[in-house]
Every structure is written in structure tokens, then in C-alpha cells.
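> Enclosed is the structure file query-v7.txt (compact mmCIF, C-alpha atoms and all ligand atoms).
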# COMPACT_ATOMS: atom_id res chain seq x y z
CA MET A 1 -22.69 7.56 -0.48
CA SER A 2 -19.69 9.71 0.19
CA ASN A 3 -16.48 8.01 1.14
CA SER A 4 -14.85 11.02 2.73
CA ASP A 5 -12.45 9.94 5.43
CA GLY A 6 -11.70 13.37 6.81
CA ALA A 7 -7.97 13.00 6.21
CA ALA A 8 -6.08 16.15 5.44
CA PRO A 9 -5.30 16.46 1.75
CA THR A 10 -1.69 15.66 1.02
CA THR A 11 0.46 17.88 -1.10
CA GLY A 12 1.15 17.25 -4.75
CA SER A 13 -0.26 14.29 -6.59
CA ALA A 14 -0.11 11.73 -3.81
CA PRO A 15 -2.59 8.97 -4.61
CA THR A 16 -5.66 8.27 -2.50
CA VAL A 17 -5.29 5.43 -0.01
CA TYR A 18 -8.45 3.41 0.53
CA GLY A 19 -9.39 1.13 3.41
CA ALA A 20 -9.38 1.45 7.18
CA VAL A 21 -6.69 4.12 7.27
CA LEU A 22 -5.98 5.55 10.71
CA ASP A 23 -3.62 8.40 9.95
CA ALA A 24 -1.80 10.34 7.26
CA SER A 25 1.06 7.86 7.33
CA THR A 26 -1.29 5.13 6.02
CA ARG A 27 -1.32 3.07 9.20
CA CYS A 28 -4.50 1.01 9.33
CA ILE A 29 -6.54 -0.82 11.93
CA HIS A 30 -4.62 -4.04 11.15
CA PHE A 31 -1.02 -2.83 11.03
CA HIS A 32 -0.19 0.29 12.96
CA SER A 33 3.24 0.02 14.50
CA GLU A 34 5.61 2.93 14.23
CA ARG A 35 7.09 1.58 11.03
CA ASP A 36 3.93 0.47 9.23
CA ILE A 37 3.95 3.40 6.91
CA VAL A 38 3.70 1.99 3.42
CA ALA A 39 0.59 1.51 1.36
CA ILE A 40 0.48 -0.90 -1.56
CA LYS A 41 -1.27 -0.46 -4.86
CA PHE A 42 -3.10 -3.64 -5.78
CA ALA A 43 -2.65 -5.05 -9.25
CA CYS A 44 -6.32 -6.04 -9.46
CA CYS A 45 -7.99 -2.66 -8.92
CA ARG A 46 -5.04 -0.25 -9.11
CA ARG A 47 -6.04 1.26 -5.79
CA TYR A 48 -3.78 1.89 -2.83
CA TYR A 49 -4.59 0.11 0.44
CA PRO A 50 -2.51 -0.02 3.64
CA CYS A 51 -2.65 -3.83 3.71
CA PHE A 52 -4.29 -6.87 2.13
CA GLN A 53 -6.88 -7.06 4.90
CA CYS A 54 -8.00 -3.53 4.15
CA HIS A 55 -8.27 -4.48 0.50
CA ASP A 56 -10.30 -7.61 1.16
CA GLU A 57 -12.66 -5.94 3.62
CA ALA A 58 -13.27 -3.04 1.25
CA VAL A 59 -13.88 -5.09 -1.88
CA ARG A 60 -16.15 -7.49 0.02
CA ARG A 61 -18.57 -4.60 0.48
CA GLU A 62 -18.66 -3.87 -3.22
CA LEU A 63 -21.34 -5.10 -5.59
CA SER A 64 -18.96 -7.41 -7.38
CA PRO A 65 -16.16 -8.37 -4.99
CA HIS A 66 -12.88 -9.52 -6.51
CA THR A 67 -9.89 -11.43 -5.26
CA ALA A 68 -6.61 -9.63 -4.72
CA ARG A 69 -4.12 -10.24 -7.48
CA GLN A 70 -0.36 -10.21 -6.92
CA TRP A 71 1.97 -8.22 -9.13
CA PRO A 72 3.71 -10.47 -11.64
CA GLN A 73 7.47 -9.94 -11.78
CA ALA A 74 7.17 -8.46 -15.27
CA GLU A 75 5.34 -5.51 -13.73
CA TRP A 76 7.60 -4.85 -10.78
CA SER A 77 8.76 -1.61 -12.36
CA GLU A 78 5.28 -0.23 -11.59
CA LEU A 79 5.11 2.51 -8.96
CA ALA A 80 3.02 0.52 -6.50
CA ILE A 81 4.44 1.42 -3.09
CA LEU A 82 3.51 4.63 -1.31
CA CYS A 83 5.70 5.93 1.51
CA GLY A 84 3.31 7.15 4.18
CA ALA A 85 5.93 9.53 5.55
CA CYS A 86 6.66 11.57 2.43
CA HIS A 87 3.87 10.34 0.13
CA ARG A 88 6.21 9.57 -2.72
CA GLN A 89 5.96 6.37 -4.70
CA LEU A 90 8.47 3.59 -5.22
CA SER A 91 8.49 0.81 -7.73
CA ILE A 92 8.14 -2.71 -6.39
CA THR A 93 11.70 -3.55 -7.44
CA GLU A 94 12.98 -0.47 -5.65
CA TYR A 95 10.99 -1.25 -2.49
CA ARG A 96 12.37 -4.77 -2.33
CA GLN A 97 15.94 -3.48 -2.38
CA VAL A 98 15.70 -0.99 0.47
CA ASP A 99 14.83 -1.07 4.15
CA ARG A 100 14.05 2.62 4.34
CA CYS A 101 12.50 5.16 2.06
CA PRO A 102 15.04 6.39 -0.53
CA HIS A 103 13.33 9.80 -0.52
CA CYS A 104 12.85 10.62 3.16
CA ALA A 105 14.82 7.82 4.91
CA ALA A 106 11.82 6.68 6.98
CA GLU A 107 12.34 3.08 8.05
CA PHE A 108 10.03 0.46 6.64
CA ASN A 109 8.78 -2.42 8.75
CA PRO A 110 11.01 -5.44 8.00
CA GLY A 111 8.06 -7.64 8.97
CA CYS A 112 6.32 -6.58 5.77
CA ARG A 113 8.73 -8.76 3.83
CA LEU A 114 7.08 -11.81 5.36
CA HIS A 115 3.87 -10.75 3.65
CA GLY A 116 5.51 -10.07 0.29
CA HIS A 117 3.86 -13.04 -1.37
CA LEU A 118 0.45 -11.49 -0.69
CA TYR A 119 1.26 -8.54 -2.89
CA PHE A 120 3.97 -9.70 -5.27
CA ASP A 121 4.17 -12.88 -7.26
CA GLU A 122 7.53 -14.18 -6.09
CA SER A 123 7.50 -17.43 -8.00
CA ASP A 124 9.60 -17.69 -11.11
ZN ZN A 201 -8.31 -5.21 -5.83
ZN ZN A 202 -5.32 -2.85 7.00
ZN ZN A 203 9.40 8.55 2.25
Show this structure as C-alpha cells.


Amino acid sequence: MSNSDGAAPTTGSAPTVYGAVLDASTRCIHFHSERDIVAIKFACCRRYYPCFQCHDEAVRRELSPHTARQWPQAEWSELAILCGACHRQLSITEYRQVDRCPHCAAEFNPGCRLHGHLYFDESD
């Protein structure tokens, strides 16, 4: 089965974003406001998805579904955030310190912070 999504190839080495992606800025069927432009790499499968719902729906269709794992703080230096506007990657630490992309200045959705615990292990 091919998983071609028909999206235009992005320049350079931008990683593939999986899930129910609607456009080149990684908006998905769940979150698609003007500022929902980041995709997150999941610690469990090292794949980029636009949101945790995309991740869960995609892995549920796999032969051996897995549960999403949050990034432990020790790994927050990992490049795990993809800016959908310029397709450059940020580390988790970097992403948590900015409200816009440091590369292209696109604004990130402040609402995403409310979901931080779904992607990053914030306990210490
Ligand atoms: Zn996963
Ligand atoms: Zn989604
Ligand atoms: Zn950017």
C-alpha cells in the first residue's frame, strides 16, 4: 500500500510529516487555525505528526499499535519540532522558549502550550 499524500516535496532535508495533514504547513484535520503550523516528532516512533490525535489514529491502524511517549526532559535538546512555515527544526527546549519561529518569525499557536504535557514530560 502506498502512503503517498500528494503533498509537494519540500526543499532540503525537511522530514516527512505523517498523519491527516491538510497542507504544506502541517495543519491537520484536528488543528488547522492560521497558527497551527508546527509538527511534533514523537519520542516513541521518531516520526513527525501534526498533533497527538494524528499520531494515535495512525498508529491504531498499524499491526502493533503503540502508545505515544512523551519526551523526557533529558532529551529536550532533540530536534523534535518542525516549523510548517519554513520547514526547519527546533529543539524542544528552543520551542518552549519562543512564541514564534526563530528562523522565519511565523507565530506559533499559544494554545499549543496547553497540550505540552501530551508531547513533553513536564514533571521533574
Ligand atoms: Zn509513536
Ligand atoms: Zn491532527
Ligand atoms: Zn519557521

> Excluding same-chain residues fewer than 4 positions from Asp99 of chain A, what lies within 12 Å of it counting all atoms listed in the file, as a PyMOL selection string?

chain A and resi 35+38+83+94-95+103-113

> Residues within 7 Å of ligand ZN 202 (chain A), counting all atoms listed in the file: report them as JSON, numbers by chain.

{"A": [19, 20, 28, 29, 30, 31, 50, 51, 52, 53, 54]}

> Neighbours of Pro15 of chain A within 12 Å (only C-alpha atoms; same-chain residues fewer than 5 positions away dropped), as a ChimeraX atom specification?

/A:9-10,24,26,39-41,46-49,79-84,86-89

> I need the residue nearest Leu22 of chain A from this list: A:Asp36, A:His115, A:His66, A:Ser77. Use only C-alpha atoms for the distance.

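Ranking A:Asp36, A:His115, A:His66, A:Ser77 by distance to Leu22 of chain A, first place goes to A:Asp36.
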
> Of the residues A:Tyr119, A:Trp76, A:Ser13, A:Tyr18, which is the one nearest to Leu90 of chain A, using all atoms listed in the file?

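Among the listed residues, A:Trp76 lies closest to Leu90 of chain A.
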
> Report the distance between atom CA of Thr67 of chain A and atom CA of Ser33 of chain A in Å, rounded to one decimal place.

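Computed distance, atom CA of Thr67 of chain A to atom CA of Ser33 of chain A, equals 26.3 Å.
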
> From the structure just shown, export segment 72-91 of chain A with C-alpha atoms as a short mmCIF file (atom, residue, chain, number, x, y, z; two decimals), in the first residue's frame.


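Final output, result_1.cif:
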data_model
loop_
_atom_site.label_atom_id
_atom_site.label_comp_id
_atom_site.auth_asym_id
_atom_site.auth_seq_id
_atom_site.Cartn_x
_atom_site.Cartn_y
_atom_site.Cartn_z
CA PRO A 72 11.76 13.13 28.92
CA GLN A 73 13.46 16.38 29.91
CA ALA A 74 16.87 14.79 29.39
CA GLU A 75 16.10 14.62 25.68
CA TRP A 76 14.71 18.10 25.18
CA SER A 77 17.76 19.05 23.15
CA GLU A 78 16.41 16.77 20.41
CA LEU A 79 15.23 18.49 17.22
CA ALA A 80 11.61 17.44 17.56
CA ILE A 81 9.62 20.47 16.41
CA LEU A 82 9.08 21.24 12.74
CA CYS A 83 8.03 24.74 11.68
CA GLY A 84 5.41 24.25 9.00
CA ALA A 85 6.16 27.66 7.52
CA CYS A 86 9.88 27.25 6.79
CA HIS A 87 10.30 23.50 7.43
CA ARG A 88 13.23 23.97 9.74
CA GLN A 89 13.52 22.10 13.00
CA LEU A 90 13.75 23.36 16.56
CA SER A 91 14.75 21.57 19.70
#
